[in-house]
Amino acid sequence: IACAALAAVFTITWLHPIDVVKTRIQITKSDKCNTTYASLIRSIASKEGWTSFYRGITVAWIAEAVYYGLQLGLYEPLKQSLASQPSKAGGLSTKLLAAAVSGSFGAITGNPFVVLRTRMVANQGKRRGMASFANDVLRDEGGLLGFYQGFAAMFLRCIVLSAAKMVTYDTCKTFIQDRFLLEGVALQFWSAFVTGFFITGMVMPLDMIRTRMMLPTENHQRTSLVDCAKGIYHHYGLGGFYRGAYAFWVRIAPKTCLQLILFEHLKESNYF
């Protein structure tokens with residue numbers, strides 16, 4: 001778990017600016033998102049300064065460490081313990097179940113920090129700290145339950161992401177190793193690169209829904225996953241679920257590569 005958490009923190013440090021751009025695209029309220037990535041980046045830089053691309057980085061470190069620490073760190077032990085025999089640990093059903101369980105643990109513990117990160121990244125006004133946003137949630141949105149806004153989307157996203165990520169990576173790694181006889185970093189890189197494509201296609205709609213559900217509403221009323229999905233479809237069509245998809249892929253592909261390669265390196269080095 002410590003290896004996975006450290007790998008996640010290192011990776012998000014480099015890729016957080018892309019997450020800021022993705023989130024800003026997703027929260028755009030116009031019926032058609034005519035803003036190009038280049039113009040959005042220029043707008044953020046000119047109006048808020050270049051340091052705004054690291055808004056919410058502190059809570060992002062915590063969110064990544066908690067979520068991916070559990071997702072990656074628990075996957076292998078769960079896979080081994082869920083298999084009736086050691087030889088069956090490589091079975092698809094065992095991998096899917098282990099990934100789903102590890103992802104659900106990440107969702108439950110990480111949701112409060114993702115809510116804060118989403119709001120800090122979406123904030124375009126005066127800079128405020130994590131404590132300020134936390135006080136808003138506690139005061140206006142039902143106390144501690146307010147930190148679990150968007151949990152339904154977060155939970156499904158984490159299970160799908162975890163299953164797509166860990167199962168695809170595990171399967172690709174075995175296939176590439178047997179078929180092309182690759183080892184080390186080359187094997188890890190290509191396995192993680194292929195995994196990034198699968199994640200983008202499967203997770204992006206839930207990512208869009210989660211972002212919208214975690215933002216504060218005018219009357220502080222919570223939105224259900226179904227209502228949020230209907231609203232996105234009504235205003236933007238099916239394409240609305242893939243707002244920010246390019247930024248998502250640009251972020252998730254190197255993130256998957258860096259995170260999984262560093263995770264395996266730390267495990268093999270016996271630092272923890």
# chains A, B, ... in the order shown; residues from 1 in each chain; ligands from 1
>>> closest_atom_pairs(of="segment 183-271 of chain A", to="segment 55-68 of chain A", cutoff="12 Å", atoms="only C-alpha atoms", output="tab-separated table")
residue	atom	partner	partner_atom	distance
A:Lys255	CA	A:Glu64	CA	11.4
A:Thr256	CA	A:Tyr68	CA	11.1
A:Gln259	CA	A:Tyr68	CA	9.3
A:Leu260	CA	A:Tyr68	CA	10.5
A:Phe263	CA	A:Tyr68	CA	10.4
>>> atom_distance(atom1="atom CA of Glu264 of chain A", atom2="atom CA of Leu156 of chain A")
26.0 Å
>>> residues_around(residues="segment 194-198 of chain A", least_positions_apart="6", cutoff="7 Å", atoms="only C-alpha atoms", output="ChimeraX atom specification")
/A:164-165,168-169,252-253,256
>>> select_by_dssp(residues="segment 58-244 of chain A", states="alpha helix (DSSP H)", output="number ranges by chain")
A: 58-82, 92-122, 130-140, 151-162, 168-180, 184-214, 225-236
>>> write_last_selection(atoms="C-alpha atoms", output="compact mmCIF listing (two decimals), in the first residue's frame")
# COMPACT_ATOMS: atom_id res chain seq x y z
CA THR A 58 -2.40 19.34 -1.63
CA VAL A 59 -5.75 17.59 -1.39
CA ALA A 60 -4.98 15.86 -4.72
CA TRP A 61 -1.92 14.27 -3.11
CA ILE A 62 -4.08 12.99 -0.26
CA ALA A 63 -6.83 11.75 -2.59
CA GLU A 64 -4.40 9.91 -4.86
CA ALA A 65 -2.47 8.38 -1.97
CA VAL A 66 -5.63 7.13 -0.27
CA TYR A 67 -7.44 5.89 -3.39
CA TYR A 68 -4.60 4.38 -5.39
CA GLY A 69 -2.78 3.21 -2.29
CA LEU A 70 -5.74 0.94 -1.59
CA GLN A 71 -6.59 0.13 -5.21
CA LEU A 72 -3.11 -0.94 -6.25
CA GLY A 73 -1.89 -2.07 -2.87
CA LEU A 74 -4.80 -4.40 -2.11
CA TYR A 75 -5.25 -5.85 -5.60
CA GLU A 76 -2.53 -8.50 -5.51
CA PRO A 77 -3.21 -9.72 -1.95
CA LEU A 78 -6.94 -9.89 -2.68
CA LYS A 79 -6.35 -11.74 -5.93
CA GLN A 80 -4.31 -14.36 -4.11
CA SER A 81 -6.72 -14.71 -1.19
CA LEU A 82 -9.85 -14.91 -3.37
CA LEU A 92 -10.39 -13.50 -15.17
CA SER A 93 -13.17 -13.78 -12.59
CA THR A 94 -10.67 -13.64 -9.73
CA LYS A 95 -8.97 -10.59 -11.23
CA LEU A 96 -12.29 -8.80 -11.75
CA LEU A 97 -13.47 -9.46 -8.21
CA ALA A 98 -10.15 -8.44 -6.65
CA ALA A 99 -10.10 -5.25 -8.73
CA ALA A 100 -13.71 -4.40 -7.85
CA VAL A 101 -13.17 -4.92 -4.13
CA SER A 102 -9.93 -2.92 -4.01
CA GLY A 103 -11.55 -0.16 -6.06
CA SER A 104 -14.55 0.00 -3.74
CA PHE A 105 -12.28 0.47 -0.72
CA GLY A 106 -10.61 3.34 -2.57
CA ALA A 107 -13.96 4.95 -3.33
CA ILE A 108 -15.22 4.80 0.23
CA THR A 109 -12.09 6.31 1.76
CA GLY A 110 -11.19 8.69 -1.05
CA ASN A 111 -14.56 10.32 -1.85
CA PRO A 112 -14.29 13.19 0.71
CA PHE A 113 -10.92 14.24 -0.66
CA VAL A 114 -12.10 14.03 -4.28
CA VAL A 115 -15.05 16.32 -3.43
CA LEU A 116 -12.64 18.90 -2.02
CA ARG A 117 -10.23 18.54 -4.93
CA THR A 118 -13.01 18.99 -7.49
CA ARG A 119 -14.23 22.18 -5.82
CA MET A 120 -10.76 23.63 -5.38
CA VAL A 121 -9.90 22.96 -9.03
CA ALA A 122 -13.24 24.37 -10.24
CA MET A 130 -8.71 23.01 1.79
CA ALA A 131 -10.02 23.89 5.26
CA SER A 132 -12.19 26.68 3.85
CA PHE A 133 -13.91 24.36 1.36
CA ALA A 134 -14.30 21.69 4.05
CA ASN A 135 -16.04 24.22 6.31
CA ASP A 136 -18.46 25.07 3.49
CA VAL A 137 -19.41 21.42 3.10
CA LEU A 138 -19.85 20.89 6.84
CA ARG A 139 -21.89 24.08 7.28
CA ASP A 140 -24.11 24.07 4.20
CA PHE A 151 -20.51 8.86 -4.15
CA ALA A 152 -22.69 6.70 -6.44
CA ALA A 153 -20.77 7.88 -9.51
CA MET A 154 -17.48 7.72 -7.62
CA PHE A 155 -18.18 4.16 -6.47
CA LEU A 156 -19.09 2.92 -9.95
CA ARG A 157 -16.20 4.83 -11.49
CA CYS A 158 -13.72 3.31 -9.06
CA ILE A 159 -14.96 -0.23 -9.65
CA VAL A 160 -14.92 0.17 -13.44
CA LEU A 161 -11.57 1.98 -13.37
CA SER A 162 -10.01 -0.55 -11.05
CA THR A 168 -6.22 -5.15 -18.52
CA TYR A 169 -2.73 -4.40 -17.22
CA ASP A 170 -2.38 -7.85 -15.67
CA THR A 171 -3.67 -9.59 -18.79
CA CYS A 172 -1.61 -7.47 -21.21
CA LYS A 173 1.51 -8.00 -19.15
CA THR A 174 1.11 -11.79 -19.30
CA PHE A 175 0.28 -11.73 -23.03
CA ILE A 176 3.18 -9.45 -24.02
CA GLN A 177 5.62 -11.35 -21.84
CA ASP A 178 4.65 -14.70 -23.37
CA ARG A 179 4.24 -13.48 -26.96
CA PHE A 180 7.04 -10.93 -27.35
CA GLY A 184 11.42 -5.01 -17.21
CA VAL A 185 10.43 -1.43 -18.03
CA ALA A 186 9.60 -2.19 -21.69
CA LEU A 187 7.08 -4.82 -20.62
CA GLN A 188 5.56 -2.53 -17.99
CA PHE A 189 5.38 0.45 -20.38
CA TRP A 190 3.54 -1.31 -23.20
CA SER A 191 1.18 -3.05 -20.79
CA ALA A 192 0.32 0.27 -19.14
CA PHE A 193 0.04 2.10 -22.50
CA VAL A 194 -2.59 -0.32 -23.82
CA THR A 195 -4.42 -0.13 -20.49
CA GLY A 196 -4.80 3.66 -20.86
CA PHE A 197 -6.94 3.28 -23.99
CA PHE A 198 -9.38 0.91 -22.31
CA ILE A 199 -9.70 3.14 -19.26
CA THR A 200 -10.58 6.25 -21.29
CA GLY A 201 -13.41 4.61 -23.19
CA MET A 202 -14.96 2.91 -20.18
CA VAL A 203 -14.52 5.47 -17.42
CA MET A 204 -14.99 8.87 -19.08
CA PRO A 205 -18.83 9.02 -18.83
CA LEU A 206 -18.74 8.22 -15.11
CA ASP A 207 -15.95 10.75 -14.64
CA MET A 208 -18.10 13.47 -16.19
CA ILE A 209 -21.09 12.55 -14.00
CA ARG A 210 -18.94 12.43 -10.87
CA THR A 211 -17.48 15.89 -11.51
CA ARG A 212 -20.93 17.45 -12.00
CA MET A 213 -22.38 15.73 -8.92
CA MET A 214 -19.57 16.91 -6.67
CA LEU A 225 -26.65 9.80 -10.54
CA VAL A 226 -29.62 9.16 -12.84
CA ASP A 227 -30.81 12.79 -12.73
CA CYS A 228 -27.31 14.06 -13.38
CA ALA A 229 -26.88 11.71 -16.35
CA LYS A 230 -30.27 12.79 -17.75
CA GLY A 231 -29.28 16.44 -17.38
CA ILE A 232 -26.01 15.95 -19.24
CA TYR A 233 -27.74 14.06 -22.03
CA HIS A 234 -30.54 16.64 -22.29
CA HIS A 235 -28.17 19.60 -22.61
CA TYR A 236 -25.26 18.11 -24.54
>>> closest_residue(among="A:Arg24, A:Lys267, A:Arg243, A:Arg251", to="Asn123 of chain A", atoms="only C-alpha atoms")
A:Arg24
>>> atom_distance(atom1="atom CA of Thr13 of chain A", atom2="atom CA of Leu215 of chain A")
23.0 Å
>>> residues_around(residues="Ser52 of chain A", least_positions_apart="2", cutoff="12 Å", atoms="only C-alpha atoms", output="PyMOL selection string")
chain A and resi 16-21+24+41-50+54-57+120-128
>>> closest_residue(among="A:Ser224, A:Leu182, A:Leu262, A:Ser269", to="Ala7 of chain A", atoms="only C-alpha atoms")
A:Leu262
>>> decode(residues="segment 64-77 of chain A", atoms="N, CA and C atoms", output="compact mmCIF listing (two decimals), in the first residue's frame")
# COMPACT_ATOMS: atom_id res chain seq x y z
N GLU A 64 -5.09 10.93 -4.07
CA GLU A 64 -4.40 9.91 -4.86
C GLU A 64 -3.75 8.86 -3.97
N ALA A 65 -3.14 9.31 -2.87
CA ALA A 65 -2.47 8.38 -1.97
C ALA A 65 -3.47 7.42 -1.34
N VAL A 66 -4.62 7.96 -0.92
CA VAL A 66 -5.63 7.13 -0.27
C VAL A 66 -6.27 6.17 -1.29
N TYR A 67 -6.72 6.71 -2.42
CA TYR A 67 -7.44 5.89 -3.39
C TYR A 67 -6.53 4.85 -4.05
N TYR A 68 -5.45 5.32 -4.66
CA TYR A 68 -4.60 4.38 -5.39
C TYR A 68 -3.74 3.53 -4.46
N GLY A 69 -3.48 4.04 -3.26
CA GLY A 69 -2.78 3.21 -2.29
C GLY A 69 -3.56 1.95 -1.99
N LEU A 70 -4.89 2.09 -1.85
CA LEU A 70 -5.74 0.94 -1.59
C LEU A 70 -6.02 0.14 -2.86
N GLN A 71 -6.27 0.84 -3.96
CA GLN A 71 -6.59 0.13 -5.21
C GLN A 71 -5.44 -0.76 -5.68
N LEU A 72 -4.26 -0.18 -5.78
CA LEU A 72 -3.11 -0.94 -6.25
C LEU A 72 -2.56 -1.86 -5.16
N GLY A 73 -2.51 -1.32 -3.94
CA GLY A 73 -1.89 -2.07 -2.87
C GLY A 73 -2.66 -3.31 -2.44
N LEU A 74 -3.99 -3.27 -2.54
CA LEU A 74 -4.80 -4.40 -2.11
C LEU A 74 -5.09 -5.40 -3.22
N TYR A 75 -4.86 -5.00 -4.47
CA TYR A 75 -5.25 -5.85 -5.60
C TYR A 75 -4.56 -7.21 -5.56
N GLU A 76 -3.26 -7.23 -5.47
CA GLU A 76 -2.53 -8.50 -5.51
C GLU A 76 -2.84 -9.39 -4.32
N PRO A 77 -2.83 -8.87 -3.08
CA PRO A 77 -3.21 -9.72 -1.95
C PRO A 77 -4.63 -10.27 -2.05
